[in-house]
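Here is the structure we will look at, set down as structure tokens.
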Amino acid sequence: MYRPNRQQSLDAAIGVLASVAAVAGSLLAAGDTPAFVGAAAAALVRDASPGFVAVEVRGLGEAAQPLLVAVTGLLLLGLYAGATLLARRSVEGGAAAGVTTLALVGGATLLLTGSLASAGGAGVAAAVVVLAASRPLASGGSAVRSPGRRRLLQAGAATLAALVASAVRLGGGSGAASSPEPADPAAQSLLSVAEERSLSLPDTDALVSDGFYTVDIATVAPTISPADWSLAVTGEVPEARSFTLSELRAFDAERRFVTLRCVSDPLNGKKIDTALWDGVPVSTVLEAVDAPESCCVTLHAADDYFVSFPRAALEDGLLAWGMNGRPLPRSHGAPLRTLVPGHWGETNAKWLTEIEIREEPEDGYWEQRGWQGTGEVNTVAKLHSTTVRDGTVRVGGHAYAGTRGIDAVEVSTDGGDSWTEATLSEPLPGAVPLDAEEPEPDGEAADAWRMWEHEYDAAERHEVVVRAIDGEGERQTEDQEEVRPSGATGWVSETIRP
Ligand SMILES: Nc1nc2c(c(=O)[nH]1)N[C@H]1C(S)=C(S)[C@@H](COP(=O)(O)O)O[C@H]1N2
Ligand SMILES: [Mo]
């Protein structure tokens, strides 16, 4: 059996320490941005494995991200430990080994990230670990006798220092962001209306979500400084044009409640949420560039995401820079994202950089990977809240059918034999001009969910089934379909034991 000798164990340990330090050094230099080597390598892993990881990142939901992170971690460990070993083997002396480590680890990081800062951070951190491991510091009467162990301790201390420094940097970054400015007062008054119209159900969000879900193709969101950003309108237009954020903000803007749902949301899943968004109607921008009639559009984003769908779907959309009365958060697409009424989440491109007007349809990022998620959402009634008290059962949740709206939610408490209409929340208010100080909403929100609840007496075990009827009188289909490729269908049911 193979047993590593002392020297080999020491080499391996120093390789691991230098790798950890290199990743921490890159994080310290690049911050939580796509230039961080962890993010860049994860994107490579994702793109190199379209058959599994890329598809499953969404299919598996949260479980896939840790998988991607683990694979990426192993890859970086191998790469950096290999580079460190090579450096320590190929030259004599600690200083030379340090410089060689800097060159190899830094060079590999530069190739992965294209960022000098990130490469420098990784290279220097790994080099410091190699230097620390090269020679035991003079130690009068130290408790640690073995020189090998002492070198390992020194390398470990250097690695720890890099880890602590990067943790401090990250902590500082989020600390600044965690004291949000107060929401815009006019938005606040609309948010209060939403609060009043919400049914108060345990275990489920109100009409405006507390934590809005995210689905991203990258592990780290792009960091875009609004000053360096502009939106290009290209393709079948008389003349390609671009707009800065202030140019977009100068148009007549509006504020609307919109619900998003990912096509990968399980039938009774939670990848569905609602917020109040501020932005300029897409039609305003398309008019400004004189875009002629055309079949399709492709939206391009700063994370290399792209999605293509019929132009008609985009016409009533919004280009949003605000969310719930505050600036659009980075995780939801700052500085600008798209909101496409009634269509699956993936059409709502975040970190939008370009609207390409096209004469031909094409496949977007997810369609190239086997999904069909650019169409209109399926109708769904969710059952997220169940409370049983003294023989009284109360069930409830949200129902959503995109721009078709929700007319009714029907509940069966006998496994589908008989049905009753549930109580529905009042619809959310319609869009308002952004500059209105006292917004007077016009009608109801065109693309938002409603809440439902139903209370009844029950003593025995029974099955609750729920189904929605959309605003066109169409009942949610009973046919069960998987999430992939074009969204789950069927009725949600739950067995209740009072
Ligand atoms: N640029 C970009 N836009 C994107 C995505 C992405 O990965 N990158 N994900 C899409 C998907 S699949 C969904 S469901 C919605 C989710 O929006 P949210 O993260 O704000 O909830 O964004 C869409 N827009
Ligand atoms: Mo999605």
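We name chains A, B, ... following the order of the structure tokens; residues begin at 1 in each chain, and ligands are numbered from 1 as shown.
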_as a PyMOL selection string, please: every residue in range 69-162 of chain A that DSSP puts in helix (DSSP H, G or I)._
chain A and resi 69-90+94-113+116-134+147-162
Each residue of chain A with at least one atom at most 7 Å from ligand 2 should appear once, together with its nearest atom pair and the corresponding distance in Å (one decimal); atoms considered: only C-alpha atoms and all ligand atoms; ordering: chain, then increasing residue number; output as a tab-separated table.
```
residue	atom	partner	partner_atom_place_in_ligand_line	distance
A:Val215	CA	ligand 2	1 (Mo)	5.9
A:Arg261	CA	ligand 2	1 (Mo)	6.9
A:Cys262	CA	ligand 2	1 (Mo)	3.5
A:Val263	CA	ligand 2	1 (Mo)	5.2
A:Ser264	CA	ligand 2	1 (Mo)	5.9
A:Trp344	CA	ligand 2	1 (Mo)	6.7
A:Gly345	CA	ligand 2	1 (Mo)	4.5
A:Glu346	CA	ligand 2	1 (Mo)	4.3
```
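Compared by their closest atoms to ligand 1, and using only C-alpha atoms and all ligand atoms, the residues A:Arg150, A:His332, A:His300, A:Arg3 rank with A:His332 nearest.
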_Contacts of ligand 1, 10 Å or closer, only C-alpha atoms and all ligand atoms, given as a VMD selection string_ = chain A and resid 58 211 to 219 221 to 222 259 to 265 271 to 275 299 to 307 328 to 334 336 to 339 344 to 353 365 to 366 373 to 374
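With only C-alpha atoms as the atoms that count, the residue of A:Leu434, A:Glu356, A:Arg46, A:Thr477 with the shortest distance to Ala240 in chain A is A:Glu356.
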*asked:* I need the residue nearest Ala408 in chain A from this list: A:Val16, A:Leu428, A:Ala458, A:Ile469. Use only C-alpha atoms for the distance.
replied: A:Ile469
*Restricting the calculation to only C-alpha atoms, which member of A:Glu463, A:Ala87, A:Leu68, A:Gly325 is positioned closest to Pro185 in chain A?*
A:Gly325
*Could you check how far CA of Glu472 in chain A sits from CA of Arg404 in chain A, in Å to one decimal?*
6.3 Å
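Take CA of Ser418 in chain A and CA of Glu494 in chain A: the distance between them is 15.4 Å.
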_Which residues are close to Gly78 in chain A, i.e. within 12 Å by only C-alpha atoms, leaving aside same-chain residues fewer than 3 positions away? Reply as a PyMOL selection string._
chain A and resi 12+15-20+71-75+81-86+105+108
Just-selected residues, C-alpha atoms written as an mmCIF file, in the first residue's frame:
```cif
data_model
loop_
_atom_site.group_PDB
_atom_site.id
_atom_site.type_symbol
_atom_site.label_atom_id
_atom_site.label_comp_id
_atom_site.auth_asym_id
_atom_site.auth_seq_id
_atom_site.Cartn_x
_atom_site.Cartn_y
_atom_site.Cartn_z
ATOM 1 C CA ALA A 12 0.746 18.168 0.341
ATOM 2 C CA GLY A 15 0.032 22.852 -1.217
ATOM 3 C CA VAL A 16 -3.395 22.838 0.420
ATOM 4 C CA LEU A 17 -2.528 25.830 2.627
ATOM 5 C CA ALA A 18 -1.147 27.802 -0.325
ATOM 6 C CA SER A 19 -4.308 26.999 -2.347
ATOM 7 C CA VAL A 20 -6.596 28.205 0.409
ATOM 8 C CA VAL A 71 -16.315 20.847 -7.980
ATOM 9 C CA THR A 72 -14.824 24.303 -8.438
ATOM 10 C CA GLY A 73 -13.070 24.087 -5.069
ATOM 11 C CA LEU A 74 -11.452 20.774 -5.980
ATOM 12 C CA LEU A 75 -10.378 22.129 -9.338
ATOM 13 C CA ALA A 81 -1.408 22.918 -5.036
ATOM 14 C CA GLY A 82 0.175 21.664 -8.249
ATOM 15 C CA ALA A 83 1.598 25.105 -9.030
ATOM 16 C CA THR A 84 2.970 25.444 -5.496
ATOM 17 C CA LEU A 85 4.603 22.032 -5.574
ATOM 18 C CA LEU A 86 6.117 22.724 -8.974
ATOM 19 C CA VAL A 105 -0.273 30.959 -9.139
ATOM 20 C CA ALA A 108 -2.954 30.745 -13.605
#
```
*Å distance separating CA of Gly107 in chain A from CA of Ala122 in chain A, one decimal place*: 9.5 Å
*asked:* Which residues are near Val130 in chain A? Cut-off 12 Å, only C-alpha atoms, ignore same chain within fewer than 4 positions. Put them as an MDAnalysis selection string.
replied: chainID A and resid 10:11 13:19 21:22 80:81 83:89 93:102 105 123:126 134:136 151:159
*Mind checking which residues fall within 9 Å of range 311-317 of chain A, counting only C-alpha atoms, ignoring those fewer than 3 positions away in the same chain, and posting them as JSON, numbers by chain?*
{"A": [280, 281, 282, 283, 286, 293, 294, 295, 296, 297, 298, 308, 338, 339, 340, 341, 342, 343, 347, 357, 358, 375, 376]}
*Tell me which of A:Ala288, A:Ala194, A:Leu77, A:Ala127 sits closest to Gly430 in chain A, counting only C-alpha atoms.*
A:Ala194
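Neighbours of Ala183 in chain A closer than or equal to 8 Å, with only C-alpha atoms counted and sequence neighbours fewer than 5 positions away skipped, come out as A:Gln188, A:Asn324, A:Gly325, A:Arg326.
Between Pro498 in chain A and the candidates A:Arg484, A:Arg450, A:Lys270, A:His462, the tightest atom-to-atom separation, counting only C-alpha atoms, involves A:His462.
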